[in-house]
file protein_36.cif (mmCIF, C-alpha atoms and all ligand atoms)
data_data
loop_
_atom_site.label_atom_id
_atom_site.label_comp_id
_atom_site.auth_asym_id
_atom_site.auth_seq_id
_atom_site.Cartn_x
_atom_site.Cartn_y
_atom_site.Cartn_z
CA MET O 1 90.53 70.59 130.33
CA SER O 2 93.29 72.58 128.78
CA GLU O 3 95.83 74.42 130.86
CA ARG O 4 95.16 78.13 130.90
CA SER O 5 97.74 80.17 132.77
CA ALA O 6 97.18 83.45 134.53
CA ASN O 7 98.55 86.50 132.76
CA ASP O 8 102.01 85.52 131.69
CA GLU O 9 104.76 87.86 132.85
CA ARG O 10 107.07 86.80 130.06
CA ILE O 11 104.51 87.78 127.45
CA ILE O 12 103.80 91.07 129.20
CA ALA O 13 107.54 91.77 129.33
CA VAL O 14 108.03 91.44 125.57
CA LEU O 15 104.86 93.42 124.87
CA ARG O 16 106.53 96.32 126.66
CA ASP O 17 108.73 96.60 123.57
CA VAL O 18 105.72 97.18 121.32
CA MET O 19 105.17 100.87 120.84
CA ASP O 20 101.95 102.58 119.90
CA PRO O 21 103.28 104.77 117.09
CA GLU O 22 100.66 107.45 117.75
CA LEU O 23 101.14 107.74 121.47
CA HIS O 24 104.92 107.15 121.59
CA ASP O 25 104.74 104.76 124.49
CA ASN O 26 104.51 101.00 124.89
CA ILE O 27 101.13 99.29 124.80
CA VAL O 28 101.47 97.73 128.25
CA ASP O 29 102.08 100.98 130.08
CA LEU O 30 99.36 102.63 128.01
CA GLY O 31 96.90 100.11 129.43
CA MET O 32 96.11 98.63 126.05
CA VAL O 33 96.88 95.00 126.97
CA ARG O 34 93.69 93.53 128.44
CA SER O 35 95.07 90.02 128.91
CA ALA O 36 98.02 87.91 127.88
CA TYR O 37 98.02 84.24 128.76
CA LEU O 38 99.18 80.91 127.51
CA GLU O 39 96.87 78.01 126.66
CA ASP O 40 98.18 74.82 125.05
CA ARG O 41 101.32 76.53 123.74
CA THR O 42 99.18 79.25 122.14
CA ALA O 43 99.58 82.79 123.44
CA HIS O 44 96.31 84.71 123.62
CA VAL O 45 96.73 88.45 123.79
CA MET O 46 93.84 90.87 123.97
CA ILE O 47 94.61 94.40 122.94
CA ALA O 48 92.31 97.38 123.22
CA LEU O 49 93.00 100.03 120.63
CA THR O 50 92.33 103.75 120.88
CA THR O 51 89.95 103.42 117.95
CA ALA O 52 89.02 100.09 116.48
CA GLY O 53 89.31 101.35 112.91
CA CYS O 54 92.86 102.68 112.91
CA PRO O 55 95.17 101.05 110.33
CA LEU O 56 97.98 101.17 112.89
CA ARG O 57 96.32 98.00 114.12
CA ALA O 58 98.18 96.09 111.40
CA THR O 59 101.46 97.52 112.67
CA ILE O 60 100.69 96.69 116.28
CA LYS O 61 99.53 93.22 115.28
CA ARG O 62 102.73 92.43 113.43
CA ASP O 63 104.90 93.78 116.23
CA CYS O 64 103.03 91.80 118.90
CA GLU O 65 103.22 88.60 116.90
CA SER O 66 106.91 88.83 116.23
CA ARG O 67 107.74 89.74 119.87
CA VAL O 68 105.59 87.06 121.47
CA SER O 69 106.51 84.30 119.05
CA SER O 70 110.18 84.85 119.90
CA LEU O 71 109.50 83.39 123.36
CA SER O 72 110.21 79.73 124.00
CA GLY O 73 107.31 77.33 124.51
CA ILE O 74 104.94 79.26 122.26
CA ASP O 75 103.79 77.81 118.94
CA ASN O 76 101.01 80.25 118.03
CA VAL O 77 100.03 83.78 118.80
CA GLN O 78 96.33 84.66 118.75
CA LEU O 79 95.44 88.31 118.97
CA HIS O 80 92.02 89.45 120.12
CA TRP O 81 90.85 93.01 119.64
CA ASP O 82 88.86 95.42 121.71
CA GLU O 83 88.47 99.17 121.99
CA LEU O 84 89.44 101.37 124.92
CA THR O 85 86.52 102.90 126.77
CA PRO O 86 86.47 106.72 126.73
CA GLU O 87 87.83 106.76 130.31
CA GLU O 88 90.60 104.31 129.48
CA ARG O 89 91.38 106.33 126.44
CA SER O 90 91.83 109.57 128.32
CA ARG O 91 93.97 107.72 130.85
CA ALA O 92 96.18 106.43 128.00
CA MET O 93 96.45 109.97 126.62
CA GLU O 94 97.37 111.30 130.06
CA ARG O 95 99.97 108.57 130.41
CA ALA O 96 101.40 109.40 126.96
CA ARG O 97 101.57 113.08 127.89
CA SER O 98 103.42 112.48 131.12
CA HIS O 99 105.69 109.97 129.42
CA ALA O 100 106.59 112.56 126.78
CA ARG O 101 107.41 115.01 129.57
CA THR O 102 109.47 112.74 131.79
CA SER O 103 111.15 110.02 129.73
CA ALA O 104 114.87 110.57 130.15
CA ALA O 105 116.81 111.55 127.06
CA PRO O 106 114.52 110.15 124.41
CA THR O 107 116.29 109.34 121.18
CA GLN O 108 115.81 111.51 118.13
CA ILE O 109 114.31 108.58 116.24
CA PRO O 110 110.58 109.05 115.62
CA ALA O 111 108.38 106.37 117.22
CA ARG O 112 106.93 105.48 113.81
CA THR O 113 110.34 104.72 112.27
CA ARG O 114 111.06 101.10 111.36
CA VAL O 115 114.48 100.32 112.83
CA ILE O 116 116.52 97.51 111.29
CA SER O 117 119.78 96.30 112.77
CA VAL O 118 121.94 94.69 110.07
CA ALA O 119 123.98 92.10 111.89
CA SER O 120 126.08 88.97 111.53
CA GLY O 121 128.49 87.09 113.67
CA LYS O 122 131.64 88.20 111.87
CA GLY O 123 133.12 90.77 109.58
CA GLY O 124 133.44 90.59 105.84
CA VAL O 125 130.12 88.87 105.08
CA GLY O 126 128.63 91.99 103.54
CA LYS O 127 126.74 93.83 106.31
CA SER O 128 127.80 97.22 105.04
CA SER O 129 127.11 96.30 101.41
CA VAL O 130 123.63 95.09 102.36
CA THR O 131 122.96 98.19 104.48
CA VAL O 132 123.94 100.58 101.72
CA ASN O 133 122.10 98.72 98.98
CA LEU O 134 118.90 98.21 100.96
CA ALA O 135 118.95 101.88 101.94
CA SER O 136 119.37 102.86 98.29
CA ALA O 137 116.58 100.51 97.25
CA PHE O 138 114.21 101.92 99.92
CA ALA O 139 115.07 105.46 98.87
CA SER O 140 114.60 104.66 95.18
CA GLN O 141 111.13 103.40 96.17
CA GLY O 142 110.39 106.84 97.65
CA PHE O 143 111.19 106.39 101.35
CA ILE O 144 113.21 108.50 103.76
CA VAL O 145 115.96 106.25 105.07
CA GLY O 146 118.51 106.86 107.77
CA ILE O 147 121.77 104.94 107.91
CA LEU O 148 123.50 104.83 111.24
CA ASP O 149 127.00 103.50 110.68
CA ALA O 150 127.60 101.79 114.03
CA ASP O 151 130.93 100.39 112.83
CA ILE O 152 132.59 103.25 114.65
CA TRP O 153 136.22 102.40 113.92
CA GLY O 154 135.80 100.30 110.79
CA PHE O 155 133.32 102.51 108.96
CA SER O 156 132.87 101.87 105.25
CA VAL O 157 129.44 103.32 104.50
CA PRO O 158 130.59 106.80 103.39
CA ARG O 159 132.84 105.35 100.70
CA MET O 160 130.18 102.90 99.57
CA LEU O 161 127.70 105.75 99.15
CA GLY O 162 130.22 108.12 97.60
CA VAL O 163 129.69 110.64 100.38
CA ASP O 164 132.66 112.73 101.37
CA SER O 165 131.05 115.79 102.89
CA ARG O 166 131.23 116.30 106.63
CA LEU O 167 128.55 116.15 109.27
CA GLY O 168 127.22 119.57 110.13
CA ALA O 169 126.35 120.84 113.54
CA ARG O 170 123.45 123.07 114.37
CA PRO O 171 124.08 125.49 117.21
CA ALA O 172 122.03 125.03 120.35
CA ASN O 173 118.52 126.45 120.30
CA SER O 174 117.35 128.32 123.33
CA GLY O 175 116.49 125.72 125.93
CA GLU O 176 118.80 123.08 124.48
CA GLU O 177 122.04 122.32 126.24
CA LYS O 178 124.02 121.68 123.12
CA GLY O 179 123.60 121.72 119.39
CA LYS O 180 122.57 118.81 117.26
CA ILE O 181 124.50 116.99 114.56
CA ILE O 182 122.97 117.10 111.09
CA PRO O 183 123.18 113.96 108.93
CA VAL O 184 124.63 114.16 105.43
CA GLU O 185 121.77 113.80 102.96
CA ARG O 186 121.70 112.22 99.54
CA ARG O 187 118.62 112.32 97.31
CA GLU O 188 117.67 109.16 95.47
CA GLY O 189 114.68 109.37 93.14
CA ASN O 190 111.75 110.52 95.27
CA GLY O 191 113.46 109.31 98.40
CA LEU O 192 116.24 110.47 100.64
CA ILE O 193 119.16 108.88 102.47
CA LYS O 194 120.42 110.48 105.68
CA LEU O 195 123.81 109.21 106.79
CA VAL O 196 125.69 109.47 110.06
CA SER O 197 129.11 107.86 110.39
CA THR O 198 132.28 108.59 112.30
CA GLY O 199 133.83 108.68 108.82
CA LEU O 200 132.05 112.01 108.28
CA MET O 201 133.20 113.74 111.43
CA VAL O 202 135.07 116.98 111.28
CA ASP O 203 137.41 118.25 113.83
CA THR O 204 135.92 121.61 114.62
CA GLU O 205 135.92 122.52 118.23
CA GLU O 206 132.21 121.98 118.47
CA THR O 207 132.09 118.47 117.05
CA ALA O 208 135.29 117.50 118.81
CA LEU O 209 133.55 118.41 122.03
CA MET O 210 130.48 116.44 121.08
CA TRP O 211 132.43 113.33 120.30
CA ARG O 212 135.02 113.44 123.06
CA GLY O 213 135.46 110.20 124.91
CA LEU O 214 133.80 108.15 122.25
CA MET O 215 133.28 104.53 123.18
CA LEU O 216 131.52 101.95 121.11
CA ALA O 217 128.23 101.57 122.96
CA LYS O 218 128.38 105.20 124.01
CA ALA O 219 128.88 106.29 120.42
CA LEU O 220 125.68 104.58 119.41
CA GLU O 221 123.87 106.44 122.17
CA GLN O 222 125.27 109.73 120.93
CA PHE O 223 124.28 108.96 117.36
CA LEU O 224 120.74 108.44 118.60
CA HIS O 225 120.55 111.36 121.02
CA ASP O 226 122.67 114.09 119.48
CA VAL O 227 121.72 113.76 115.82
CA ASP O 228 118.77 115.67 114.42
CA TRP O 229 117.42 112.81 112.28
CA GLY O 230 114.09 114.43 111.40
CA GLU O 231 111.51 112.32 109.59
CA LEU O 232 112.47 108.70 108.87
CA ASP O 233 110.51 105.82 107.39
CA TYR O 234 113.38 103.40 107.98
CA LEU O 235 116.57 103.49 109.99
CA LEU O 236 119.21 100.92 109.03
CA ILE O 237 121.98 100.29 111.51
CA ASP O 238 125.19 98.87 110.09
CA MET O 239 126.46 96.86 113.04
CA PRO O 240 130.15 96.41 113.81
CA PRO O 241 131.64 92.91 113.63
CA GLY O 242 131.33 90.90 116.80
CA THR O 243 128.25 91.40 118.84
CA GLY O 244 127.80 91.93 122.56
CA ASP O 245 127.82 95.50 123.74
CA VAL O 246 126.53 97.39 120.77
CA GLN O 247 123.65 95.04 120.12
CA MET O 248 122.55 95.18 123.76
CA ALA O 249 122.89 98.96 123.83
CA LEU O 250 120.74 99.13 120.72
CA ALA O 251 118.04 96.93 122.25
CA ARG O 252 117.97 99.18 125.29
CA LEU O 253 117.94 102.46 123.37
CA LEU O 254 115.58 101.45 120.58
CA PRO O 255 113.35 98.64 121.79
CA GLN O 256 111.45 98.77 118.50
CA ALA O 257 114.54 97.61 116.56
CA GLN O 258 114.42 94.31 114.69
CA MET O 259 117.31 92.38 113.22
CA LEU O 260 118.34 91.26 109.75
CA VAL O 261 120.96 88.53 109.82
CA ILE O 262 123.48 88.42 107.00
CA THR O 263 125.31 85.21 106.30
CA THR O 264 127.39 83.68 103.55
CA PRO O 265 126.42 80.34 102.01
CA ALA O 266 129.23 78.66 103.94
CA LEU O 267 128.50 76.59 107.01
CA ASN O 268 131.00 78.17 109.38
CA ALA O 269 129.51 81.62 108.78
CA GLN O 270 126.18 80.07 109.55
CA LYS O 271 127.31 78.87 112.97
CA VAL O 272 128.41 82.37 113.83
CA ALA O 273 125.11 83.81 112.70
CA VAL O 274 123.19 81.39 114.92
CA ARG O 275 124.97 82.97 117.86
CA VAL O 276 123.76 86.37 116.71
CA ALA O 277 120.22 85.11 116.45
CA ASP O 278 120.44 83.67 119.96
CA MET O 279 121.53 87.01 121.22
CA ALA O 280 118.67 88.64 119.38
CA ARG O 281 116.31 86.41 121.26
CA ARG O 282 117.96 87.13 124.58
CA SER O 283 117.50 90.84 124.01
CA HIS O 284 113.97 90.16 122.66
CA MET O 285 114.95 91.66 119.35
CA PRO O 286 112.97 89.80 116.72
CA VAL O 287 114.76 88.58 113.62
CA LEU O 288 113.05 89.76 110.46
CA GLY O 289 114.83 87.29 108.26
CA VAL O 290 118.09 86.06 106.81
CA ILE O 291 119.87 87.42 103.76
CA GLU O 292 122.43 85.16 102.17
CA ASN O 293 125.23 87.15 100.57
CA MET O 294 127.95 86.02 98.17
CA SER O 295 125.75 83.26 96.78
CA ALA O 296 126.46 81.46 93.54
CA PHE O 297 127.61 83.65 90.68
CA VAL O 298 125.67 82.78 87.54
CA THR O 299 127.35 83.54 84.22
CA PRO O 300 125.25 84.83 81.30
CA ASP O 301 125.40 81.35 79.73
CA GLY O 302 123.78 79.91 82.83
CA LYS O 303 126.80 78.32 84.55
CA SER O 304 126.59 78.59 88.33
CA TRP O 305 129.73 79.14 90.44
CA ALA O 306 129.10 78.58 94.14
CA LEU O 307 132.47 79.89 95.30
CA PHE O 308 131.49 80.20 98.94
CA GLY O 309 129.40 77.06 99.21
CA GLU O 310 125.69 76.61 99.02
CA GLY O 311 122.60 76.42 101.18
CA GLY O 312 123.88 78.22 104.29
CA GLY O 313 121.20 80.92 104.17
CA GLN O 314 118.34 78.47 103.81
CA ARG O 315 119.68 76.23 106.56
CA LEU O 316 120.09 79.12 108.94
CA ALA O 317 116.63 80.49 108.18
CA GLU O 318 115.09 77.11 108.90
CA GLU O 319 117.06 76.66 112.08
CA ILE O 320 115.98 79.95 113.57
CA ASN O 321 112.53 79.77 111.98
CA VAL O 322 112.54 83.02 110.04
CA PRO O 323 112.20 83.59 106.29
CA LEU O 324 115.15 83.66 103.91
CA LEU O 325 114.48 87.01 102.28
CA GLY O 326 116.82 86.45 99.39
CA SER O 327 120.27 85.59 98.14
CA ILE O 328 122.64 88.16 96.72
CA PRO O 329 124.95 86.62 94.15
CA LEU O 330 128.65 87.12 94.32
CA GLU O 331 129.12 89.75 91.65
CA PRO O 332 132.03 92.07 90.90
CA ALA O 333 129.51 94.93 90.48
CA VAL O 334 128.67 94.75 94.20
CA SER O 335 132.20 95.49 95.24
CA SER O 336 133.01 97.92 92.41
CA GLY O 337 129.74 99.73 93.19
CA GLY O 338 130.96 99.95 96.78
CA ASP O 339 134.30 101.34 95.68
CA ASN O 340 132.73 103.89 93.32
CA GLY O 341 130.00 105.04 95.67
CA ARG O 342 127.26 103.88 93.33
CA PRO O 343 125.31 101.06 95.02
CA VAL O 344 124.50 98.24 92.64
CA ALA O 345 120.85 98.28 93.81
CA LEU O 346 120.40 101.38 91.65
CA ASP O 347 121.77 99.82 88.49
CA GLY O 348 119.93 96.56 87.95
CA GLY O 349 121.74 93.32 87.19
CA PRO O 350 121.21 90.13 89.21
CA ALA O 351 122.57 91.48 92.51
CA GLY O 352 120.84 94.85 92.09
CA GLU O 353 117.53 93.16 91.41
CA ALA O 354 117.99 90.85 94.37
CA PHE O 355 118.45 93.88 96.64
CA GLN O 356 115.38 95.64 95.20
CA ASN O 357 113.37 92.49 95.63
CA ILE O 358 114.35 92.12 99.30
CA ALA O 359 113.53 95.79 99.91
CA SER O 360 110.08 95.29 98.35
CA GLN O 361 109.40 92.27 100.55
CA ILE O 362 110.32 94.30 103.62
CA VAL O 363 108.12 97.22 102.53
CA ASN O 364 105.14 95.10 101.48
CA GLU O 365 105.16 92.20 103.91
CA ILE O 366 107.88 91.81 106.45
CA PHE O 367 108.21 95.27 108.02
CA PRO O 368 106.02 97.80 106.21
CA PRO O 369 106.47 101.47 106.99
CA VAL O 370 104.03 103.02 109.41
CA ASN O 371 101.88 105.42 107.49
CA MET O 372 100.51 107.94 109.95
CA GLU O 373 98.53 109.73 107.26
CA GLU O 374 96.33 106.72 106.77
CA CYS O 375 95.29 106.89 110.37
CA SER O 376 91.87 108.40 110.81
CA ALA O 377 92.34 112.15 110.72
CA SER O 378 90.01 112.72 113.63
CA SER O 379 91.83 110.37 115.97
CA MET O 380 95.20 111.92 115.05
CA ALA O 381 93.89 115.44 115.54
CA GLU O 382 92.58 114.45 118.93
CA VAL O 383 95.90 112.91 119.88
CA SER O 384 97.91 115.95 118.90
CA VAL O 385 95.52 118.34 120.61
CA THR O 386 95.77 116.26 123.78
CA LEU O 387 99.55 116.06 123.51
CA ARG O 388 99.84 119.80 123.06
CA SER O 389 97.62 120.70 125.93
CA ASP O 390 100.26 120.68 128.67
N1 LIG V 1 127.64 89.99 96.76
C1 LIG V 1 128.90 90.42 96.68
N2 LIG V 1 129.64 90.22 95.57
C2 LIG V 1 130.91 90.66 95.49
N3 LIG V 1 131.56 91.29 96.49
C3 LIG V 1 130.88 91.53 97.63
C4 LIG V 1 129.53 91.10 97.79
N4 LIG V 1 129.13 91.49 99.03
C5 LIG V 1 130.18 92.10 99.62
N5 LIG V 1 131.24 92.13 98.79
C6 LIG V 1 132.57 92.69 99.08
O1 LIG V 1 133.07 92.01 100.22
C7 LIG V 1 133.78 92.88 101.07
C8 LIG V 1 133.17 92.84 102.46
O2 LIG V 1 131.87 93.38 102.41
P1 LIG V 1 131.31 94.38 103.52
O3 LIG V 1 129.98 94.81 103.09
O4 LIG V 1 132.31 95.44 103.82
O5 LIG V 1 131.20 93.37 104.77
P2 LIG V 1 131.04 93.66 106.35
O6 LIG V 1 130.39 94.99 106.50
O7 LIG V 1 130.18 92.53 106.84
O8 LIG V 1 132.39 93.62 106.93
C9 LIG V 1 133.70 94.25 100.43
O9 LIG V 1 134.87 94.48 99.69
C10 LIG V 1 132.52 94.14 99.48
O10 LIG V 1 132.64 95.00 98.37
MG MG V 2 131.07 96.65 107.55
#

call {"tool": "encode", "arguments": {"input": "protein_36.cif", "output": "structure tokens"}}
result
Amino acid sequence: MSERSANDERIIAVLRDVMDPELHDNIVDLGMVRSAYLEDRTAHVMIALTTAGCPLRATIKRDCESRVSSLSGIDNVQLHWDELTPEERSRAMERARSHARTSAAPTQIPARTRVISVASGKGGVGKSSVTVNLASAFASQGFIVGILDADIWGFSVPRMLGVDSRLGARPANSGEEKGKIIPVERREGNGLIKLVSTGLMVDTEETALMWRGLMLAKALEQFLHDVDWGELDYLLIDMPPGTGDVQMALARLLPQAQMLVITTPALNAQKVAVRVADMARRSHMPVLGVIENMSAFVTPDGKSWALFGEGGGQRLAEEINVPLLGSIPLEPAVSSGGDNGRPVALDGGPAGEAFQNIASQIVNEIFPPVNMEECSASSMAEVSVTLRSD
């Protein structure tokens, strides 16, 4: 006989971080988790969906798998599907309605937005370069991308994107206590980048008031609460060097966030990044994958110069059991692009193509955008009618 546990509290706990993008609440509290138990190191999770046919199932599936597989002692995750009964469904709707009414200070980030924290264990490995180039690649592929520059005191994103305008502030609407900050926008092909950074703050009385008493973790909270982000397919968060506070604050404020770990090919950078990945697991923030930056520079005649060592990205990816999404070669165009405000991802070349390729993997496989339009029109209409009816 195999060992089958009762519902496993650890599994339930991580499933609380999986949001139903339609109902804006987590699947546990919505009553969608029928069972979650462990049998022979395989987690079995049964989820009842609002409608069996909704394509958001793929999103929920991926999120459940990555959350549950981050737990220790679990080798496989098996999902089983069911449909809510009409009564359960109206209870879930009721729950979503009351949640929308009462949840304290919800962030301005839409529930459907894919949130990616770009992290590493130390500065100077290329977090900001990766953030800016991935954002540009997503936008050039037609997506609406937010960049939250969480490197509050060491910001570099505005320069790398060639943005020197200031953040605007919208005066308070009736019913709102204070106005909202408006991101600086930059069009890119059919897409759009929306940037918020302390580097774009002006010193008018209004914004000075908004930003008074800025502290690192607190600043992140303000960026998420006081900025009118609007629609977003992706939100990239350029993390400050070091880890601790800001990462934990992020996990608390945006439980749907997942992490990209940037490392150099060198082994010492790798050790640091392992610490980051450990922390990701402690905060139940899944790691999407590793990006190795500053990899071997290949000359046009095919000579390879591995100035910062070799193999660190692959080794790290294997150690923490996530995919290596790609390697960005060390290339002068990456840093000159950063200095000129023209990300190399938009201009081709080996590094530019590597960035586009990683963005495509994220869009197509690793963390695809949630497309609400694909969801059955009738179920959406029903949801919004129900949500409006209070
Ligand atoms: N692949 C690369 N090739 C050449 N220079 C790079 C590359 N990636 C980053 N750089 C340069 O290295 C420096 C540090 O990168 P940055 O993105 O600011 O790192 P972090 O945000 O992790 O501190 C910057 O001057 C940047 O232009
Ligand atoms: Mg940086």

call {"tool": "residues_around", "arguments": {"input": "protein_36.cif", "residues": "Ala43 in chain O", "least_positions_apart": "5", "cutoff": "9 Å", "atoms": "only C-alpha atoms", "output": "MDAnalysis selection string"}}
result
chainID O and resid 11 36:38 68:69 74:79

call {"tool": "residues_around", "arguments": {"input": "protein_36.cif", "residues": "Met372 in chain O", "least_positions_apart": "4", "cutoff": "8 Å", "atoms": "all atoms listed in the file", "output": "VMD selection string"}}
result
chain O and resid 22 56 112

call {"tool": "residues_near_ligand", "arguments": {"input": "protein_36.cif", "ligand": "ligand MG 2 (chain V)", "cutoff": "8 Å", "atoms": "all atoms listed in the file", "output": "list of chain:residue names"}}
result
O:Gly123, O:Gly124, O:Gly126, O:Lys127, O:Ser128, O:Ser129, O:Asp151, O:Gly154, O:Phe155, O:Ser156, O:Val157, O:Asp238, O:Met239, O:Pro240, O:Pro241

call {"tool": "atom_distance", "arguments": {"input": "protein_36.cif", "atom1": "CA of Ala139 in chain O", "atom2": "CA of Leu192 in chain O"}}
result
5.4 Å

call {"tool": "closest_residue", "arguments": {"input": "protein_36.cif", "among": "O:Met19, O:Ala135, O:Glu310, O:Arg34", "to": "Thr59 in chain O", "atoms": "all atoms listed in the file"}}
result
O:Met19

call {"tool": "closest_residue", "arguments": {"input": "protein_36.cif", "among": "O:Arg97, O:Val163, O:Thr299, O:Val118", "to": "Leu250 in chain O", "atoms": "all atoms listed in the file"}}
result
O:Val118
